[in-house]
>>> print(open('upload.txt').read())   # compact mmCIF, C-alpha atoms and all ligand atoms
# COMPACT_ATOMS: atom_id res chain seq x y z
CA MET A 1 -14.80 -14.88 -12.68
CA THR A 2 -14.24 -12.43 -15.55
CA THR A 3 -11.54 -9.79 -15.33
CA LYS A 4 -14.36 -7.30 -14.83
CA ASP A 5 -14.84 -8.47 -11.25
CA PHE A 6 -11.25 -7.90 -10.17
CA VAL A 7 -10.25 -4.56 -8.77
CA LEU A 8 -6.76 -5.08 -10.20
CA THR A 9 -5.76 -7.14 -13.22
CA VAL A 10 -2.09 -7.43 -14.12
CA GLU A 11 -1.23 -9.50 -17.18
CA ASP A 12 2.06 -10.36 -18.90
CA LEU A 13 3.70 -7.49 -17.05
CA THR A 14 7.39 -7.10 -17.82
CA VAL A 15 9.93 -4.39 -17.04
CA SER A 16 13.57 -4.50 -18.06
CA PHE A 17 16.33 -2.40 -16.57
CA ASP A 18 19.25 -2.55 -19.04
CA GLY A 19 18.16 -5.98 -20.20
CA PHE A 20 17.55 -7.32 -16.68
CA LYS A 21 13.92 -8.32 -16.19
CA ALA A 22 12.96 -7.14 -12.72
CA ILE A 23 9.36 -8.15 -13.51
CA ASP A 24 8.99 -10.99 -15.95
CA GLN A 25 5.60 -11.75 -17.59
CA LEU A 26 3.79 -11.48 -14.29
CA HIS A 27 0.07 -12.06 -13.76
CA LEU A 28 -1.77 -10.83 -10.69
CA TYR A 29 -5.49 -10.65 -9.95
CA VAL A 30 -6.78 -8.90 -6.85
CA ASP A 31 -10.41 -9.19 -5.76
CA GLN A 32 -12.57 -6.42 -4.40
CA ASN A 33 -12.19 -6.10 -0.63
CA GLU A 34 -9.21 -8.45 -0.64
CA LEU A 35 -6.12 -7.96 1.52
CA ARG A 36 -3.29 -9.50 -0.49
CA VAL A 37 0.17 -9.89 0.99
CA ILE A 38 3.22 -10.20 -1.27
CA ILE A 39 6.30 -11.90 0.15
CA GLY A 40 9.58 -13.03 -1.34
CA PRO A 41 13.35 -12.63 -1.02
CA ASN A 42 15.09 -9.27 -1.45
CA GLY A 43 15.37 -8.36 -5.11
CA ALA A 44 12.35 -10.48 -6.08
CA GLY A 45 10.70 -7.43 -7.68
CA LYS A 46 8.05 -6.66 -5.05
CA THR A 47 8.70 -2.92 -4.83
CA THR A 48 9.12 -2.69 -8.60
CA LEU A 49 5.68 -4.25 -9.01
CA LEU A 50 4.12 -1.53 -6.85
CA ASP A 51 6.12 1.10 -8.79
CA LEU A 52 4.55 -0.22 -11.98
CA ILE A 53 1.00 -0.31 -10.61
CA CYS A 54 1.21 3.27 -9.31
CA GLY A 55 2.80 4.55 -12.52
CA ARG A 56 6.18 5.53 -11.09
CA THR A 57 7.87 3.02 -13.41
CA LYS A 58 6.54 2.29 -16.89
CA ALA A 59 6.14 -1.28 -18.13
CA SER A 60 8.22 -2.65 -21.01
CA ALA A 61 5.30 -4.94 -21.89
CA GLY A 62 1.98 -6.11 -20.49
CA ARG A 63 -1.13 -4.52 -19.03
CA ILE A 64 -2.37 -3.14 -15.74
CA LYS A 65 -6.11 -2.67 -15.36
CA PHE A 66 -7.84 -1.06 -12.41
CA LYS A 67 -11.56 -1.83 -12.32
CA ASN A 68 -11.61 -2.42 -16.06
CA THR A 69 -9.74 0.78 -16.96
CA GLU A 70 -6.31 0.50 -18.52
CA MET A 71 -3.72 2.22 -16.30
CA THR A 72 -0.53 0.98 -17.97
CA THR A 73 0.48 4.24 -19.66
CA LEU A 74 -1.24 6.79 -17.42
CA PRO A 75 0.84 9.31 -15.48
CA GLU A 76 1.14 8.81 -11.72
CA TYR A 77 -1.27 11.62 -10.71
CA LYS A 78 -4.07 10.20 -12.86
CA ILE A 79 -3.59 6.79 -11.28
CA VAL A 80 -3.88 8.38 -7.83
CA ARG A 81 -7.04 10.16 -8.93
CA ALA A 82 -8.47 6.91 -10.26
CA GLY A 83 -8.26 5.55 -6.70
CA ILE A 84 -4.89 3.87 -6.19
CA GLY A 85 -2.93 4.97 -3.12
CA ARG A 86 0.62 3.86 -2.41
CA LYS A 87 2.80 4.16 0.66
CA PHE A 88 6.55 4.01 0.23
CA GLN A 89 8.99 2.39 2.63
CA THR A 90 10.21 5.64 4.17
CA PRO A 91 7.46 7.81 5.68
CA SER A 92 6.96 11.21 4.08
CA ILE A 93 4.98 13.34 6.46
CA TYR A 94 5.30 17.06 7.20
CA GLU A 95 7.24 16.94 10.47
CA ASN A 96 6.56 20.58 11.34
CA LEU A 97 2.81 20.42 10.85
CA SER A 98 0.35 18.97 13.34
CA VAL A 99 -1.27 15.58 12.83
CA PHE A 100 -4.48 17.42 11.95
CA GLN A 101 -2.75 19.57 9.32
CA ASN A 102 -0.98 16.58 7.79
CA LEU A 103 -4.35 14.91 7.26
CA GLU A 104 -6.01 18.13 6.13
CA VAL A 105 -3.49 18.85 3.36
CA SER A 106 -4.01 15.32 2.07
CA PHE A 107 -7.69 15.92 1.35
CA PRO A 108 -7.91 15.58 -2.44
CA GLU A 109 -9.85 18.75 -3.19
CA GLY A 110 -7.59 20.63 -0.80
CA ARG A 111 -5.49 23.58 -1.77
CA GLY A 112 -2.21 21.92 -1.01
CA VAL A 113 0.08 22.54 1.87
CA PHE A 114 0.14 26.35 1.76
CA GLY A 115 -3.54 26.92 1.07
CA ALA A 116 -4.61 24.71 3.91
CA LEU A 117 -2.44 26.62 6.35
CA PHE A 118 -3.83 30.04 5.54
CA PHE A 119 -7.50 29.36 5.00
CA THR A 120 -9.97 27.83 7.39
CA CYS A 121 -10.99 24.41 6.21
CA SER A 122 -14.54 23.32 5.66
CA GLU A 123 -16.60 21.26 8.09
CA GLU A 124 -16.52 18.44 5.57
CA VAL A 125 -12.74 18.27 5.66
CA LYS A 126 -12.68 18.51 9.46
CA ALA A 127 -15.13 15.65 9.76
CA ARG A 128 -13.04 13.51 7.43
CA VAL A 129 -9.88 14.30 9.37
CA ARG A 130 -11.54 13.12 12.59
CA THR A 131 -12.85 9.93 11.01
CA VAL A 132 -9.45 9.07 9.58
CA ALA A 133 -7.68 9.99 12.85
CA GLU A 134 -9.84 7.42 14.63
CA GLU A 135 -9.15 4.78 12.00
CA ILE A 136 -5.41 5.21 12.47
CA GLY A 137 -5.66 5.56 16.27
CA LEU A 138 -4.31 9.13 16.39
CA GLN A 139 -7.52 10.88 17.49
CA ASP A 140 -5.84 12.07 20.71
CA GLN A 141 -2.76 13.41 18.89
CA LEU A 142 -4.47 15.73 16.38
CA ASP A 143 -2.79 18.88 17.71
CA LEU A 144 0.62 17.30 18.19
CA GLU A 145 3.46 18.22 15.86
CA ALA A 146 3.96 15.21 13.60
CA GLY A 147 7.73 15.22 14.18
CA LEU A 148 7.07 14.32 17.83
CA LEU A 149 5.19 11.11 17.01
CA SER A 150 6.83 7.72 17.53
CA HIS A 151 8.15 5.88 14.48
CA GLY A 152 5.06 3.67 14.40
CA GLN A 153 2.67 6.60 14.75
CA LYS A 154 4.39 8.35 11.83
CA GLN A 155 3.75 5.30 9.68
CA TRP A 156 0.09 5.30 10.74
CA LEU A 157 -0.17 9.00 9.97
CA GLU A 158 1.11 8.42 6.48
CA ILE A 159 -1.46 5.67 6.00
CA GLY A 160 -4.06 8.17 7.22
CA MET A 161 -2.87 10.72 4.65
CA LEU A 162 -3.56 8.12 1.97
CA LEU A 163 -6.96 7.30 3.49
CA MET A 164 -7.95 10.97 3.14
CA GLN A 165 -8.09 10.29 -0.60
CA GLU A 166 -10.38 7.27 -0.05
CA PRO A 167 -8.39 4.95 -2.32
CA GLU A 168 -10.17 1.84 -3.57
CA LEU A 169 -6.81 0.09 -3.79
CA LEU A 170 -4.23 0.84 -1.11
CA MET A 171 -0.66 -0.47 -1.45
CA LEU A 172 1.80 -0.53 1.45
CA ASP A 173 5.48 -1.41 1.13
CA GLU A 174 6.85 -2.96 4.35
CA PRO A 175 4.63 -0.90 6.69
CA ILE A 176 5.93 -2.43 9.95
CA ALA A 177 9.67 -2.18 9.30
CA GLY A 178 11.35 -0.78 12.42
CA MET A 179 8.24 -1.07 14.59
CA SER A 180 8.07 -2.47 18.11
CA VAL A 181 6.17 -5.71 18.80
CA ARG A 182 3.27 -3.72 20.27
CA GLU A 183 3.18 -1.37 17.27
CA ARG A 184 3.16 -4.36 14.93
CA GLU A 185 0.11 -5.77 16.70
CA GLN A 186 -1.61 -2.42 16.55
CA THR A 187 -0.78 -2.09 12.86
CA ALA A 188 -2.34 -5.50 12.14
CA GLU A 189 -5.55 -4.29 13.81
CA LEU A 190 -5.34 -0.99 11.94
CA LEU A 191 -5.01 -2.73 8.56
CA LYS A 192 -7.97 -4.98 9.33
CA ARG A 193 -10.03 -1.86 10.16
CA ILE A 194 -9.11 0.08 7.05
CA CYS A 195 -9.39 -2.79 4.55
CA LYS A 196 -13.16 -2.78 4.88
CA GLY A 197 -14.62 -1.49 1.63
CA ARG A 198 -11.33 -1.46 -0.28
CA ALA A 199 -8.67 -3.77 -1.63
CA MET A 200 -5.12 -3.71 -0.27
CA ILE A 201 -1.73 -5.01 -1.32
CA VAL A 202 0.83 -5.24 1.48
CA ILE A 203 4.48 -6.23 1.07
CA GLU A 204 5.88 -7.72 4.26
CA HIS A 205 8.55 -10.04 5.62
CA ASP A 206 7.29 -10.70 9.16
CA MET A 207 5.48 -14.02 8.80
CA ASP A 208 3.51 -13.72 12.06
CA PHE A 209 2.20 -10.40 10.81
CA VAL A 210 1.41 -11.83 7.37
CA LYS A 211 -0.53 -14.67 9.01
CA ARG A 212 -2.64 -12.19 10.93
CA ILE A 213 -3.69 -9.99 8.04
CA ALA A 214 -3.58 -11.90 4.74
CA ASP A 215 -6.59 -13.15 2.84
CA LYS A 216 -4.23 -14.57 0.26
CA VAL A 217 -0.44 -14.62 -0.12
CA THR A 218 1.57 -14.19 -3.33
CA VAL A 219 5.20 -15.32 -3.27
CA MET A 220 7.48 -13.57 -5.76
CA HIS A 221 10.88 -14.75 -6.93
CA GLN A 222 13.05 -13.34 -9.74
CA GLY A 223 10.28 -11.14 -11.12
CA LYS A 224 7.75 -13.95 -11.30
CA ILE A 225 5.11 -15.48 -9.10
CA LEU A 226 6.43 -18.60 -7.43
CA ALA A 227 3.32 -19.53 -5.48
CA GLU A 228 -0.04 -18.12 -4.51
CA GLY A 229 -2.86 -19.08 -2.17
CA SER A 230 -3.66 -19.32 1.51
CA MET A 231 -0.90 -18.75 4.05
CA GLU A 232 -1.00 -22.44 4.91
CA LYS A 233 -0.67 -23.48 1.29
CA VAL A 234 2.33 -21.27 0.47
CA GLN A 235 4.04 -22.05 3.79
CA ASN A 236 4.04 -25.73 2.96
CA ASP A 237 5.11 -25.29 -0.65
CA PRO A 238 8.62 -26.84 -0.97
CA ARG A 239 9.67 -24.24 -3.58
CA VAL A 240 8.72 -21.41 -1.22
CA ILE A 241 10.59 -23.03 1.64
CA ASP A 242 13.58 -23.47 -0.64
CA VAL A 243 13.90 -19.89 -1.93
CA TYR A 244 12.46 -17.92 0.98
CA LEU A 245 11.11 -19.40 4.18
CA GLY A 246 13.99 -21.82 4.70
CA HIS A 247 16.50 -18.99 5.18
P1 LIG B 1 12.23 -6.23 -3.70
O1 LIG B 1 11.35 -5.08 -3.37
O2 LIG B 1 11.47 -7.51 -3.92
O3 LIG B 1 13.33 -6.43 -2.72
P2 LIG B 1 12.96 -4.63 -6.00
O4 LIG B 1 11.69 -4.51 -6.76
O5 LIG B 1 13.37 -3.46 -5.20
O6 LIG B 1 12.93 -5.95 -5.12
O7 LIG B 1 14.13 -4.95 -7.01
C1 LIG B 1 14.06 -6.00 -7.96
C2 LIG B 1 15.31 -6.00 -8.81
O8 LIG B 1 15.24 -4.92 -9.74
C3 LIG B 1 16.59 -5.82 -8.02
O9 LIG B 1 17.58 -6.63 -8.61
C4 LIG B 1 16.92 -4.35 -8.20
O10 LIG B 1 18.29 -4.13 -8.11
C5 LIG B 1 16.39 -4.08 -9.60
N1 LIG B 1 15.92 -2.70 -9.80
C6 LIG B 1 14.87 -2.12 -9.18
N2 LIG B 1 14.69 -0.86 -9.61
C7 LIG B 1 15.67 -0.63 -10.54
C8 LIG B 1 16.02 0.49 -11.37
N3 LIG B 1 15.33 1.63 -11.32
N4 LIG B 1 17.09 0.34 -12.19
C9 LIG B 1 17.77 -0.81 -12.24
N5 LIG B 1 17.50 -1.89 -11.50
C10 LIG B 1 16.45 -1.82 -10.66
MG MG B 2 11.30 -3.77 -1.72
>>> encode(input="upload.txt", output="structure tokens", more="lines below")
Ligand code: ADP
Ligand code: MG
Amino acid sequence: MTTKDFVLTVEDLTVSFDGFKAIDQLHLYVDQNELRVIIGPNGAGKTTLLDLICGRTKASAGRIKFKNTEMTTLPEYKIVRAGIGRKFQTPSIYENLSVFQNLEVSFPEGRGVFGALFFTCSEEVKARVRTVAEEIGLQDQLDLEAGLLSHGQKQWLEIGMLLMQEPELLMLDEPIAGMSVREREQTAELLKRICKGRAMIVIEHDMDFVKRIADKVTVMHQGKILAEGSMEKVQNDPRVIDVYLGH
């Protein structure tokens, strides 16, 4: 396969914070329509890797290509526009707006939070809001104030806000942290629904959850890739057991 076929190509990526290499000559290749899970001990550099891909942190060296376009030095908003969506660990929704409004203001051609409140939105936007609400299982909560949603539902809403932009690569950092067992199961189903037609990178610690969703697993350790492959392969890798799964 040439690099052309990958949705994401990361090569020789390095970032130093005061001489400490949080990411150290890392290579990562993500296929179209792939759901990749990244695991690894705390401090391995998982979040930093997503920060680099979405442009929040700039690389000290190396390249990041999205569908054959160099992203390495682009500002964050251009990377979003190119089709990369990223969810952070803490949900950032508008608690005082309804579920509908939260989705509406996330529509890319929208007028932002104030515009959307004072103008009636187009049928196109309304249709998209309904489609996304069904994908995230909040179709019956559209008129509810977002602050009243459960913790899990808030996480789903934030994923929905990203889906409004139809990202071709969606990155989620520990999406099930703090969720109940039932919500975790529902989130696994949700991710399987929304990964159709796009690539995803999910950082997660819950191995039962990882098993359910992953096409392929990447294990990070000290800013590098320790192992990569099927869940079964990495689970039985003695180095992975030693630095991560054994604890
Ligand atoms: P993970 O998400 O795998 O737990 P992180 O990517 O958050 O790991 O952190 C990797 C390492 O980089 C940690 O040692 C962390 O302290 C360090 N680090 C992350 N961001 C910064 C920063 N902005 N400045 C300095 N050190 C950082
Ligand atoms: Mg992290």
>>> residues_near_ligand(input="upload.txt", ligand="ligand MG 2 (chain B)", cutoff="8 Å", atoms="only C-alpha atoms and all ligand atoms", output="VMD selection string")
chain A and resid 42 to 43 45 to 48 89 173 to 174 203
>>> residues_near_ligand(input="upload.txt", ligand="ligand LIG 1 (chain B)", cutoff="12 Å", atoms="all atoms listed in the file", output="PDB file with C-alpha atoms, keeping the file's coordinate frame")
ATOM      1  CA  THR A  14       7.390  -7.100 -17.820  1.00  0.00           C
ATOM      2  CA  VAL A  15       9.930  -4.390 -17.040  1.00  0.00           C
ATOM      3  CA  SER A  16      13.570  -4.500 -18.060  1.00  0.00           C
ATOM      4  CA  PHE A  17      16.330  -2.400 -16.570  1.00  0.00           C
ATOM      5  CA  ASP A  18      19.250  -2.550 -19.040  1.00  0.00           C
ATOM      6  CA  GLY A  19      18.160  -5.980 -20.200  1.00  0.00           C
ATOM      7  CA  PHE A  20      17.550  -7.320 -16.680  1.00  0.00           C
ATOM      8  CA  LYS A  21      13.920  -8.320 -16.190  1.00  0.00           C
ATOM      9  CA  ALA A  22      12.960  -7.140 -12.720  1.00  0.00           C
ATOM     10  CA  ILE A  23       9.360  -8.150 -13.510  1.00  0.00           C
ATOM     11  CA  ASP A  24       8.990 -10.990 -15.950  1.00  0.00           C
ATOM     12  CA  ILE A  38       3.220 -10.200  -1.270  1.00  0.00           C
ATOM     13  CA  ILE A  39       6.300 -11.900   0.150  1.00  0.00           C
ATOM     14  CA  GLY A  40       9.580 -13.030  -1.340  1.00  0.00           C
ATOM     15  CA  PRO A  41      13.350 -12.630  -1.020  1.00  0.00           C
ATOM     16  CA  ASN A  42      15.090  -9.270  -1.450  1.00  0.00           C
ATOM     17  CA  GLY A  43      15.370  -8.360  -5.110  1.00  0.00           C
ATOM     18  CA  ALA A  44      12.350 -10.480  -6.080  1.00  0.00           C
ATOM     19  CA  GLY A  45      10.700  -7.430  -7.680  1.00  0.00           C
ATOM     20  CA  LYS A  46       8.050  -6.660  -5.050  1.00  0.00           C
ATOM     21  CA  THR A  47       8.700  -2.920  -4.830  1.00  0.00           C
ATOM     22  CA  THR A  48       9.120  -2.690  -8.600  1.00  0.00           C
ATOM     23  CA  LEU A  49       5.680  -4.250  -9.010  1.00  0.00           C
ATOM     24  CA  LEU A  50       4.120  -1.530  -6.850  1.00  0.00           C
ATOM     25  CA  ASP A  51       6.120   1.100  -8.790  1.00  0.00           C
ATOM     26  CA  LEU A  52       4.550  -0.220 -11.980  1.00  0.00           C
ATOM     27  CA  ARG A  56       6.180   5.530 -11.090  1.00  0.00           C
ATOM     28  CA  THR A  57       7.870   3.020 -13.410  1.00  0.00           C
ATOM     29  CA  LYS A  58       6.540   2.290 -16.890  1.00  0.00           C
ATOM     30  CA  ALA A  59       6.140  -1.280 -18.130  1.00  0.00           C
ATOM     31  CA  PHE A  88       6.550   4.010   0.230  1.00  0.00           C
ATOM     32  CA  GLN A  89       8.990   2.390   2.630  1.00  0.00           C
ATOM     33  CA  LEU A 172       1.800  -0.530   1.450  1.00  0.00           C
ATOM     34  CA  ASP A 173       5.480  -1.410   1.130  1.00  0.00           C
ATOM     35  CA  GLU A 174       6.850  -2.960   4.350  1.00  0.00           C
ATOM     36  CA  VAL A 202       0.830  -5.240   1.480  1.00  0.00           C
ATOM     37  CA  ILE A 203       4.480  -6.230   1.070  1.00  0.00           C
ATOM     38  CA  GLU A 204       5.880  -7.720   4.260  1.00  0.00           C
ATOM     39  CA  HIS A 205       8.550 -10.040   5.620  1.00  0.00           C
ATOM     40  CA  THR A 218       1.570 -14.190  -3.330  1.00  0.00           C
ATOM     41  CA  VAL A 219       5.200 -15.320  -3.270  1.00  0.00           C
ATOM     42  CA  MET A 220       7.480 -13.570  -5.760  1.00  0.00           C
ATOM     43  CA  HIS A 221      10.880 -14.750  -6.930  1.00  0.00           C
ATOM     44  CA  GLN A 222      13.050 -13.340  -9.740  1.00  0.00           C
ATOM     45  CA  GLY A 223      10.280 -11.140 -11.120  1.00  0.00           C
ATOM     46  CA  LYS A 224       7.750 -13.950 -11.300  1.00  0.00           C
ATOM     47  CA  ILE A 225       5.110 -15.480  -9.100  1.00  0.00           C
ATOM     48  CA  TYR A 244      12.460 -17.920   0.980  1.00  0.00           C
TER      49      TYR A 244
END
>>> residues_around(input="upload.txt", residues="A:Leu144", least_positions_apart="5", cutoff="12 Å", atoms="only C-alpha atoms", output="PyMOL selection string")
chain A and resi 94-102+138-139+149-150+153-154+157
>>> residues_around(input="upload.txt", residues="stretch 188-192 of chain A", least_positions_apart="6", cutoff="8 Å", atoms="all atoms listed in the file", output="PDB file with C-alpha atoms, keeping the file's coordinate frame")
ATOM      1  CA  GLU A 135      -9.150   4.780  12.000  1.00  0.00           C
ATOM      2  CA  ILE A 136      -5.410   5.210  12.470  1.00  0.00           C
ATOM      3  CA  GLY A 137      -5.660   5.560  16.270  1.00  0.00           C
ATOM      4  CA  PHE A 209       2.200 -10.400  10.810  1.00  0.00           C
ATOM      5  CA  ARG A 212      -2.640 -12.190  10.930  1.00  0.00           C
ATOM      6  CA  ILE A 213      -3.690  -9.990   8.040  1.00  0.00           C
TER       7      ILE A 213
END
>>> closest_residue(input="upload.txt", among="A:Ala177, A:Leu35, A:Ala133, A:Val80", to="A:Gly160", atoms="all atoms listed in the file")
A:Ala133
>>> residues_around(input="upload.txt", residues="A:Glu11", least_positions_apart="6", cutoff="6 Å", atoms="all atoms listed in the file", output="list in words")
His27, Gly62 and Arg63 of chain A
>>> closest_residue(input="upload.txt", among="A:His151, A:Ile159, A:Glu166, A:Asp140", to="A:Ser180", atoms="all atoms listed in the file")
A:His151
>>> closest_residue(input="upload.txt", among="A:Glu124, A:Leu169, A:Ala82, A:Arg193", to="A:Glu70", atoms="all atoms listed in the file")
A:Ala82
>>> residues_around(input="upload.txt", residues="A:Leu163", least_positions_apart="2", cutoff="9 Å", atoms="only C-alpha atoms", output="compact mmCIF listing (two decimals) with C-alpha atoms, keeping the file's coordinate frame")
# COMPACT_ATOMS: atom_id res chain seq x y z
CA GLY A 85 -2.93 4.97 -3.12
CA LEU A 103 -4.35 14.91 7.26
CA SER A 106 -4.01 15.32 2.07
CA PHE A 107 -7.69 15.92 1.35
CA VAL A 132 -9.45 9.07 9.58
CA GLU A 158 1.11 8.42 6.48
CA ILE A 159 -1.46 5.67 6.00
CA GLY A 160 -4.06 8.17 7.22
CA MET A 161 -2.87 10.72 4.65
CA GLN A 165 -8.09 10.29 -0.60
CA GLU A 166 -10.38 7.27 -0.05
CA PRO A 167 -8.39 4.95 -2.32
CA LEU A 170 -4.23 0.84 -1.11
CA ILE A 194 -9.11 0.08 7.05
>>> closest_residue(input="upload.txt", among="A:Leu26, A:Leu13, A:Leu8, A:Ile84", to="A:Lys67", atoms="only C-alpha atoms")
A:Leu8
>>> atom_distance(input="upload.txt", atom1="atom CA of A:Lys126", atom2="atom CA of A:Ile176")
28.0 Å
>>> atom_distance(input="upload.txt", atom1="atom CA of A:Glu183", atom2="atom CA of A:Asp143")
21.1 Å
>>> build_atoms(input="upload.txt", residues="stretch 144-157 of chain A", atoms="N, CA and C atoms", output="compact mmCIF listing (two decimals), in the coordinates of the input")
# COMPACT_ATOMS: atom_id res chain seq x y z
N LEU A 144 -0.82 17.53 17.98
CA LEU A 144 0.62 17.30 18.19
C LEU A 144 1.39 17.50 16.88
N GLU A 145 2.59 18.08 17.02
CA GLU A 145 3.46 18.22 15.86
C GLU A 145 3.87 16.81 15.40
N ALA A 146 3.75 16.57 14.10
CA ALA A 146 3.96 15.21 13.60
C ALA A 146 5.37 14.69 13.87
N GLY A 147 6.35 15.60 13.91
CA GLY A 147 7.73 15.22 14.18
C GLY A 147 7.92 14.59 15.55
N LEU A 148 6.96 14.84 16.47
CA LEU A 148 7.07 14.32 17.83
C LEU A 148 6.44 12.94 17.99
N LEU A 149 5.80 12.44 16.94
CA LEU A 149 5.19 11.11 17.01
C LEU A 149 6.27 10.04 17.06
N SER A 150 5.90 8.85 17.56
CA SER A 150 6.83 7.72 17.53
C SER A 150 6.95 7.24 16.08
N HIS A 151 7.95 6.40 15.84
CA HIS A 151 8.15 5.88 14.48
C HIS A 151 6.89 5.20 13.95
N GLY A 152 6.28 4.38 14.82
CA GLY A 152 5.06 3.67 14.40
C GLY A 152 3.93 4.63 14.09
N GLN A 153 3.75 5.62 14.97
CA GLN A 153 2.67 6.60 14.75
C GLN A 153 2.86 7.38 13.46
N LYS A 154 4.12 7.65 13.10
CA LYS A 154 4.39 8.35 11.83
C LYS A 154 3.94 7.50 10.64
N GLN A 155 4.19 6.21 10.75
CA GLN A 155 3.75 5.30 9.68
C GLN A 155 2.23 5.30 9.58
N TRP A 156 1.57 5.30 10.74
CA TRP A 156 0.09 5.30 10.74
C TRP A 156 -0.43 6.62 10.16
N LEU A 157 0.25 7.71 10.50
CA LEU A 157 -0.17 9.00 9.97
C LEU A 157 -0.09 9.00 8.44
